[in-house]
Amino acid sequence: MSAGIRRYAEVAGKDVIDHLYQLAKPLSGSRVVHINSTRVGGGVAEILTKLVPLMGELGIDARWEVISGPDVFYQCTKAFHNGLQGGPVTMTNEMLQAYEDANSAFAEEHRALLEDAEIVIVHDPQPAPLINRIGRRKGKWVWRCHIDVSRPHRPVWKYLRKAVSRYDASIFSLANFAQLLPHPQYLITPSIDPLSEKNIPLSPAEVQAVFSRFNLDPQKPMILQVSRFDRFKDPLGVIRAYRLATRFIPSLQLVLAGGEASDDPEGQAVLDEVRAAAGDDPDIHVLLLPSDAHRIVNGLQRASDLVLQKSIREGFGLTVAEAMWKGKPVIGGNTGGIILQVINHHTGFLVDTPEGAALRIRYLLHNRSRLDEMGLKAKRFVRENFLLTRHLREYLTLMLALTHGDGGRITLT
Ligand code: UDP
């Protein structure tokens with residue numbers, strides 16, 4: 001559902017929308033192509049679903065294309081993902097060949113578009129080598145990295161860096177993700193769409209409906225983590241934290257809601273581990289949701305008392321901002337983009353271990369006024385920092401800088 005950009009004035013203010021039109025004017029008619037590897041599942045798809053139509057409304061010829069390949073391509077790109085986030089991985093020649101071949105095939109199919117576009121924004125490692133296949137590119141190419149590359153497994157970064165170095169600029173979510181690269185690096189944090197089905201206000205009846213739909217007990221305190229089934233999200237750590245917390249809050253119930261991303265081949269294995277760890281505990285609810293279950297995720301986030309995002313690596317973690325927008329404090333892993341959102345002791349708590357998470361769960365559920373106060377602060381913090389309108393403004397500013405040169409830029413020396 002496209003809300004119409006003017007509707008964002010309700011949340012962000014009219015001036016903000018006028019400013020977006022003003023910034024977009026010199027870019028009118030420019031062809032901007034975003035490329036990633038899935039249309040559904042995960043934060044990048046979530047953002048592009050909203051950002052691309054809004055760029056279109058502002059007069060930009062914005063497109064979104066998706067690279068795909070055989071299973072071995074996704075095994076390779078998942079290994080890149082794991083390796084860039086610091087895990088030791090092995091990549092076979094067959095995997096790398098499939099990766100390069102998928103990029104060659106995509107480049108062949110979209111050559112005219114890629115050669116002529118004013119700006120090409122390539123998201124994450126999956127389509128990164130495309131730049132090597134487009135010899136006569138007219139526009140500026142930007143590599144947008146959404147993952148935590150602060151401590152990459154070196155051989156993996158070394159391989160990817162060869163392609164990334166050829167871009168005109170790169171964008172990271174956090175300063176400490178930046179790398180040694182021969183081009184300007186920009187910091188842009190992701191955002192949530194306050195008018196999307198995932199984040200709009202819901203009626204109390206719709207929120208209540210999630211309890212009966214998923215056999216949850218409205219009388220029991222409920223904690224939630226919404227995440228793809230991925231080891232970096234530490235779902236097993238969440239189950240451990242829940243178990244420790246039940247020693248003090250025996251009536252506690254835990255919901256682990258996840259879905260599939262079509263570019264993630266490891267999801268099933270992690271889901272099996274989660275189900276095994278949950279065992280026959282009737283108060284652990286592992287929900288496998290379809291990728292379009294946005295209102296359900298919204299309802300679950302609103303229905304829970306607090307939200308967990310106990311990741312051990314996290315590029316940003318849209319789920320954190322989503323929960324905070326609903327007035328929920330978040331107990332988040334002390335890592336990556338979560339640190340930007342969870343201001344320790346103010347909008348939630350940062351934790352390093354399941355034991356730490358359990359202590360914070362216990363504290364918040366026993367101190368309801370503190371929980372409510374932190375939830376209010378969390379919502380305000382998202383309004384000020386992580387809404388789509390701010391994200392769009394930063395993209396437009398970057399696009400202007402790239403296409404209109406740096407003659408007017410003030411540089412501090
Ligand atoms: N999400 C969802 N259903 C699920 C799991 C996740 O809709 O079952 C959404 C979630 O609400 C968020 C996005 O997928 O909007 C995940 O983004 P995030 O940045 O938290 O993590 P990523 O998956 O990109 O690592």
# chains A, B, ... in the order shown; residues from 1 in each chain; ligands from 1
$ residues_near_ligand --ligand "ligand 1" --cutoff "9 Å" --atoms "only C-alpha atoms and all ligand atoms" --output "tab-separated table (two decimals) with C-alpha atoms, in the first residue's frame"
chain	number	residue	atom	x	y	z
A	40	VAL	CA	10.59	-10.49	0.57
A	41	GLY	CA	12.06	-11.36	3.94
A	42	GLY	CA	14.67	-9.41	5.83
A	43	GLY	CA	15.34	-5.76	6.36
A	44	VAL	CA	16.63	-4.78	2.91
A	45	ALA	CA	13.47	-5.94	1.15
A	46	GLU	CA	11.40	-4.27	3.87
A	47	ILE	CA	13.12	-0.93	3.21
A	146	HIS	CA	23.60	-3.43	5.40
A	147	ILE	CA	25.62	-5.94	7.38
A	190	PRO	CA	18.01	2.46	7.98
A	192	ILE	CA	10.96	2.11	9.46
A	198	LYS	CA	3.90	-3.29	10.02
A	225	GLN	CA	11.75	-11.83	19.32
A	226	VAL	CA	10.91	-11.37	15.63
A	227	SER	CA	13.71	-12.55	13.38
A	228	ARG	CA	14.68	-14.73	10.50
A	229	PHE	CA	15.96	-18.06	11.86
A	230	ASP	CA	19.62	-17.12	11.69
A	232	PHE	CA	23.48	-14.27	14.33
A	233	LYS	CA	20.04	-13.49	15.82
A	256	LEU	CA	9.84	-16.50	18.60
A	257	ALA	CA	8.33	-15.31	15.35
A	258	GLY	CA	10.26	-15.83	12.17
A	259	GLY	CA	9.78	-16.29	8.53
A	260	GLU	CA	11.74	-17.19	5.51
A	261	ALA	CA	13.90	-15.05	3.31
A	287	LEU	CA	5.77	-19.15	14.87
A	288	LEU	CA	6.64	-19.55	11.22
A	289	LEU	CA	4.95	-16.63	9.52
A	290	PRO	CA	4.44	-15.94	5.82
A	291	SER	CA	6.48	-13.07	4.45
A	292	ASP	CA	3.46	-10.79	4.10
A	293	ALA	CA	2.28	-11.18	7.71
A	294	HIS	CA	3.04	-7.54	8.48
A	295	ARG	CA	-0.10	-6.83	10.50
A	296	ILE	CA	0.47	-9.97	12.52
A	297	VAL	CA	4.03	-8.95	13.36
A	298	ASN	CA	2.65	-5.52	14.23
A	309	GLN	CA	16.67	-8.71	19.83
A	314	GLU	CA	23.45	-6.97	13.60
A	315	GLY	CA	23.79	-4.55	10.71
A	316	PHE	CA	20.94	-2.43	12.06
A	317	GLY	CA	17.99	-4.49	13.24
A	318	LEU	CA	14.76	-2.97	11.94
A	319	THR	CA	12.87	-5.12	14.42
A	320	VAL	CA	14.35	-3.00	17.20
A	321	ALA	CA	13.00	0.27	15.77
A	322	GLU	CA	9.68	-1.42	15.00
A	323	ALA	CA	9.24	-2.51	18.60
$ residues_around --residues "Ala378 of chain A" --least-positions-apart "2" --cutoff "9 Å" --atoms "only C-alpha atoms" --output "mmCIF file with C-alpha atoms, in the first residue's frame"
data_model
loop_
_atom_site.group_PDB
_atom_site.id
_atom_site.type_symbol
_atom_site.label_atom_id
_atom_site.label_comp_id
_atom_site.auth_asym_id
_atom_site.auth_seq_id
_atom_site.Cartn_x
_atom_site.Cartn_y
_atom_site.Cartn_z
ATOM 1 C CA ALA A 321 13.003 0.269 15.771
ATOM 2 C CA ALA A 323 9.236 -2.513 18.605
ATOM 3 C CA MET A 324 10.379 0.837 19.998
ATOM 4 C CA TRP A 325 7.903 2.628 17.718
ATOM 5 C CA LYS A 326 5.195 0.630 19.494
ATOM 6 C CA GLY A 327 6.381 1.905 22.843
ATOM 7 C CA LYS A 328 8.216 -1.259 23.843
ATOM 8 C CA PRO A 329 11.618 -1.201 25.517
ATOM 9 C CA VAL A 330 14.033 -3.535 23.759
ATOM 10 C CA GLN A 341 18.815 2.312 18.869
ATOM 11 C CA VAL A 342 18.924 0.844 22.345
ATOM 12 C CA ILE A 343 20.283 3.565 24.551
ATOM 13 C CA HIS A 346 16.864 4.715 28.506
ATOM 14 C CA THR A 347 15.182 3.061 25.530
ATOM 15 C CA GLY A 348 16.011 -0.473 26.650
ATOM 16 C CA GLU A 373 8.737 5.136 30.863
ATOM 17 C CA MET A 374 11.422 3.438 28.778
ATOM 18 C CA GLY A 375 8.817 2.516 26.167
ATOM 19 C CA LEU A 376 7.776 6.160 25.817
ATOM 20 C CA ARG A 380 10.274 9.309 20.856
ATOM 21 C CA PHE A 381 13.771 8.205 19.908
ATOM 22 C CA VAL A 382 12.498 6.425 16.805
ATOM 23 C CA ARG A 383 10.396 9.421 15.798
#
$ residues_around --residues "Asn103 of chain A" --least-positions-apart "4" --cutoff "9 Å" --atoms "only C-alpha atoms" --output "MDAnalysis selection string"
chainID A and resid 67:69 98:99 107:108 126:130 133
$ closest_residue --among "A:Pro182, A:Gly299, A:Pro155, A:Gly237" --to "Asn199 of chain A" --atoms "only C-alpha atoms"
A:Gly299
$ residues_around --residues "Val142 of chain A" --least-positions-apart "2" --cutoff "9 Å" --atoms "only C-alpha atoms" --output "compact mmCIF listing (two decimals) with N, CA and C atoms, in the first residue's frame"
# COMPACT_ATOMS: atom_id res chain seq x y z
N ILE A 119 22.17 6.54 -11.44
CA ILE A 119 22.71 6.02 -10.18
C ILE A 119 22.30 4.54 -10.03
N VAL A 120 23.27 3.72 -9.67
CA VAL A 120 22.98 2.31 -9.37
C VAL A 120 23.38 2.07 -7.92
N ILE A 121 22.43 1.59 -7.14
CA ILE A 121 22.71 1.32 -5.71
C ILE A 121 22.64 -0.20 -5.51
N VAL A 122 23.77 -0.77 -5.22
CA VAL A 122 23.90 -2.22 -5.11
C VAL A 122 23.94 -2.58 -3.63
N HIS A 123 22.97 -3.40 -3.20
CA HIS A 123 22.83 -3.70 -1.78
C HIS A 123 23.50 -5.02 -1.42
N LYS A 140 26.77 6.92 -11.61
CA LYS A 140 27.54 6.65 -10.39
C LYS A 140 27.03 5.35 -9.77
N ARG A 144 25.88 -0.34 -1.11
CA ARG A 144 25.21 -0.09 0.16
C ARG A 144 25.31 -1.37 1.00
N VAL A 164 34.21 -4.09 -4.60
CA VAL A 164 33.69 -2.91 -3.90
C VAL A 164 34.56 -1.68 -4.18
N TYR A 167 33.60 0.84 -6.92
CA TYR A 167 32.41 1.71 -6.82
C TYR A 167 32.83 3.17 -6.60
N ASP A 168 31.88 4.07 -6.87
CA ASP A 168 32.17 5.50 -6.67
C ASP A 168 32.02 5.91 -5.21
N ALA A 169 31.26 5.13 -4.46
CA ALA A 169 31.04 5.44 -3.04
C ALA A 169 30.46 4.21 -2.37
N SER A 170 30.53 4.19 -1.06
CA SER A 170 29.82 3.12 -0.34
C SER A 170 29.07 3.74 0.84
N ILE A 171 28.06 3.01 1.28
CA ILE A 171 27.25 3.47 2.42
C ILE A 171 27.26 2.37 3.48
$ select_by_dssp --residues "segment 210-250 of chain A" --states "alpha helix (DSSP H)" --output "list in words"
Val210, Phe211, Ser212, Arg213, Pro235, Leu236, Gly237, Val238, Ile239, Arg240, Ala241, Tyr242, Arg243, Leu244, Ala245 and Thr246 of chain A
$ write_last_selection --atoms "C-alpha atoms" --output "PDB file, in the first residue's frame"
ATOM      1  CA  VAL A 210      -3.115 -12.405  18.168  1.00  0.00           C
ATOM      2  CA  PHE A 211      -3.577 -14.128  21.527  1.00  0.00           C
ATOM      3  CA  SER A 212      -6.333 -16.424  20.339  1.00  0.00           C
ATOM      4  CA  ARG A 213      -4.845 -16.833  16.871  1.00  0.00           C
ATOM      5  CA  PRO A 235      17.384 -17.558  19.030  1.00  0.00           C
ATOM      6  CA  LEU A 236      18.929 -20.231  21.273  1.00  0.00           C
ATOM      7  CA  GLY A 237      20.269 -17.489  23.550  1.00  0.00           C
ATOM      8  CA  VAL A 238      16.732 -16.084  23.708  1.00  0.00           C
ATOM      9  CA  ILE A 239      15.353 -19.451  24.800  1.00  0.00           C
ATOM     10  CA  ARG A 240      18.053 -19.684  27.460  1.00  0.00           C
ATOM     11  CA  ALA A 241      17.274 -16.156  28.688  1.00  0.00           C
ATOM     12  CA  TYR A 242      13.571 -17.038  28.848  1.00  0.00           C
ATOM     13  CA  ARG A 243      14.311 -20.215  30.839  1.00  0.00           C
ATOM     14  CA  LEU A 244      16.446 -18.308  33.319  1.00  0.00           C
ATOM     15  CA  ALA A 245      13.798 -15.610  33.660  1.00  0.00           C
ATOM     16  CA  THR A 246      11.043 -18.171  34.363  1.00  0.00           C
TER      17      THR A 246
END
$ residues_around --residues "Asp193 of chain A" --least-positions-apart "6" --cutoff "8 Å" --atoms "only C-alpha atoms" --output "number ranges by chain"
A: 50, 199, 387-388
$ closest_residue --among "A:Ala117, A:Glu273, A:Leu224, A:Asp283" --to "Gly332 of chain A" --atoms "only C-alpha atoms"
A:Leu224
$ atom_distance --atom1 "atom CA of Glu65 of chain A" --atom2 "atom CA of Leu23 of chain A"
24.4 Å
$ residues_around --residues "Asp71 of chain A" --least-positions-apart "2" --cutoff "12 Å" --atoms "only C-alpha atoms" --output "JSON list (two decimals) with C-alpha atoms, in the first residue's frame"
[["chain", "number", "residue", "atom", "x", "y", "z"],
["A", 68, "SER", "CA", 18.86, -14.63, -8.40],
["A", 69, "GLY", "CA", 20.67, -17.88, -9.06],
["A", 73, "PHE", "CA", 24.56, -19.13, -5.50],
["A", 74, "TYR", "CA", 22.60, -18.62, -2.25],
["A", 75, "GLN", "CA", 24.98, -20.94, -0.37],
["A", 76, "CYS", "CA", 27.80, -18.73, -1.56],
["A", 77, "THR", "CA", 26.11, -15.43, -0.72],
["A", 78, "LYS", "CA", 25.09, -16.73, 2.73],
["A", 94, "GLU", "CA", 32.10, -24.11, -7.37],
["A", 95, "MET", "CA", 30.34, -21.66, -5.03],
["A", 98, "ALA", "CA", 28.08, -19.74, -9.26],
["A", 99, "TYR", "CA", 28.31, -16.30, -7.62],
["A", 102, "ALA", "CA", 24.83, -15.20, -11.52],
["A", 262, "SER", "CA", 14.12, -16.65, -0.11],
["A", 263, "ASP", "CA", 17.86, -15.91, -0.23],
["A", 264, "ASP", "CA", 18.66, -17.68, 3.07],
["A", 265, "PRO", "CA", 19.49, -21.39, 2.73],
["A", 266, "GLU", "CA", 20.29, -21.93, 6.44]]
$ atom_distance --atom1 "atom CA of Ile223 of chain A" --atom2 "atom CA of Leu252 of chain A"
7.7 Å
$ atom_distance --atom1 "atom CA of Leu58 of chain A" --atom2 "atom CA of Tyr21 of chain A"
6.2 Å
$ closest_residue --among "A:Ile249, A:Arg137, A:Val156, A:His183" --to "His366 of chain A" --atoms "only C-alpha atoms"
A:Ile249
$ select_by_dssp --residues "segment 39-232 of chain A" --states "strand (DSSP E)" --output "list in words"
Asp61, Ala62, Arg63, Trp64, Glu65, Val66, Ile119, Val120, Ile121, Val122, His123, Lys140, Trp141, Val142, Trp143, Arg144, Ala169, Ser170, Ile171, Phe172, Gln185, Tyr186, Leu187, Met222, Ile223, Leu224, Gln225 and Val226 of chain A
$ decode --residues "segment 165-202 of chain A" --atoms "C-alpha atoms" --output "PDB file, in the first residue's frame"
ATOM      1  CA  SER A 165      36.784  -0.773  -4.543  1.00  0.00           C
ATOM      2  CA  ARG A 166      35.544  -0.055  -8.043  1.00  0.00           C
ATOM      3  CA  TYR A 167      32.405   1.711  -6.820  1.00  0.00           C
ATOM      4  CA  ASP A 168      32.167   5.503  -6.671  1.00  0.00           C
ATOM      5  CA  ALA A 169      31.045   5.444  -3.039  1.00  0.00           C
ATOM      6  CA  SER A 170      29.824   3.124  -0.340  1.00  0.00           C
ATOM      7  CA  ILE A 171      27.248   3.466   2.424  1.00  0.00           C
ATOM      8  CA  PHE A 172      27.448   1.832   5.844  1.00  0.00           C
ATOM      9  CA  SER A 173      25.030   1.954   8.772  1.00  0.00           C
ATOM     10  CA  LEU A 174      27.648   2.580  11.462  1.00  0.00           C
ATOM     11  CA  ALA A 175      30.970   4.383  11.584  1.00  0.00           C
ATOM     12  CA  ASN A 176      32.788   1.327  12.840  1.00  0.00           C
ATOM     13  CA  PHE A 177      31.629  -0.716   9.847  1.00  0.00           C
ATOM     14  CA  ALA A 178      33.623   1.545   7.507  1.00  0.00           C
ATOM     15  CA  GLN A 179      36.557  -0.053   5.708  1.00  0.00           C
ATOM     16  CA  LEU A 180      39.725   0.998   3.978  1.00  0.00           C
ATOM     17  CA  LEU A 181      38.350   1.839   0.524  1.00  0.00           C
ATOM     18  CA  PRO A 182      39.509   4.202  -2.213  1.00  0.00           C
ATOM     19  CA  HIS A 183      36.273   6.199  -2.388  1.00  0.00           C
ATOM     20  CA  PRO A 184      33.998   8.307  -0.160  1.00  0.00           C
ATOM     21  CA  GLN A 185      32.100   6.380   2.472  1.00  0.00           C
ATOM     22  CA  TYR A 186      28.764   7.644   3.787  1.00  0.00           C
ATOM     23  CA  LEU A 187      26.842   6.766   6.919  1.00  0.00           C
ATOM     24  CA  ILE A 188      23.113   6.297   6.556  1.00  0.00           C
ATOM     25  CA  THR A 189      21.046   4.451   9.131  1.00  0.00           C
ATOM     26  CA  PRO A 190      18.015   2.462   7.982  1.00  0.00           C
ATOM     27  CA  SER A 191      14.486   3.356   8.949  1.00  0.00           C
ATOM     28  CA  ILE A 192      10.959   2.115   9.462  1.00  0.00           C
ATOM     29  CA  ASP A 193       7.849   3.232   7.643  1.00  0.00           C
ATOM     30  CA  PRO A 194       5.379   4.542  10.240  1.00  0.00           C
ATOM     31  CA  LEU A 195       2.480   4.255   7.777  1.00  0.00           C
ATOM     32  CA  SER A 196       3.096   0.665   6.713  1.00  0.00           C
ATOM     33  CA  GLU A 197       0.974  -2.263   7.818  1.00  0.00           C
ATOM     34  CA  LYS A 198       3.895  -3.293  10.021  1.00  0.00           C
ATOM     35  CA  ASN A 199       3.841  -0.079  11.993  1.00  0.00           C
ATOM     36  CA  ILE A 200       0.450   1.639  11.821  1.00  0.00           C
ATOM     37  CA  PRO A 201      -1.643   1.809  14.979  1.00  0.00           C
ATOM     38  CA  LEU A 202      -3.948  -1.194  15.402  1.00  0.00           C
TER      39      LEU A 202
END
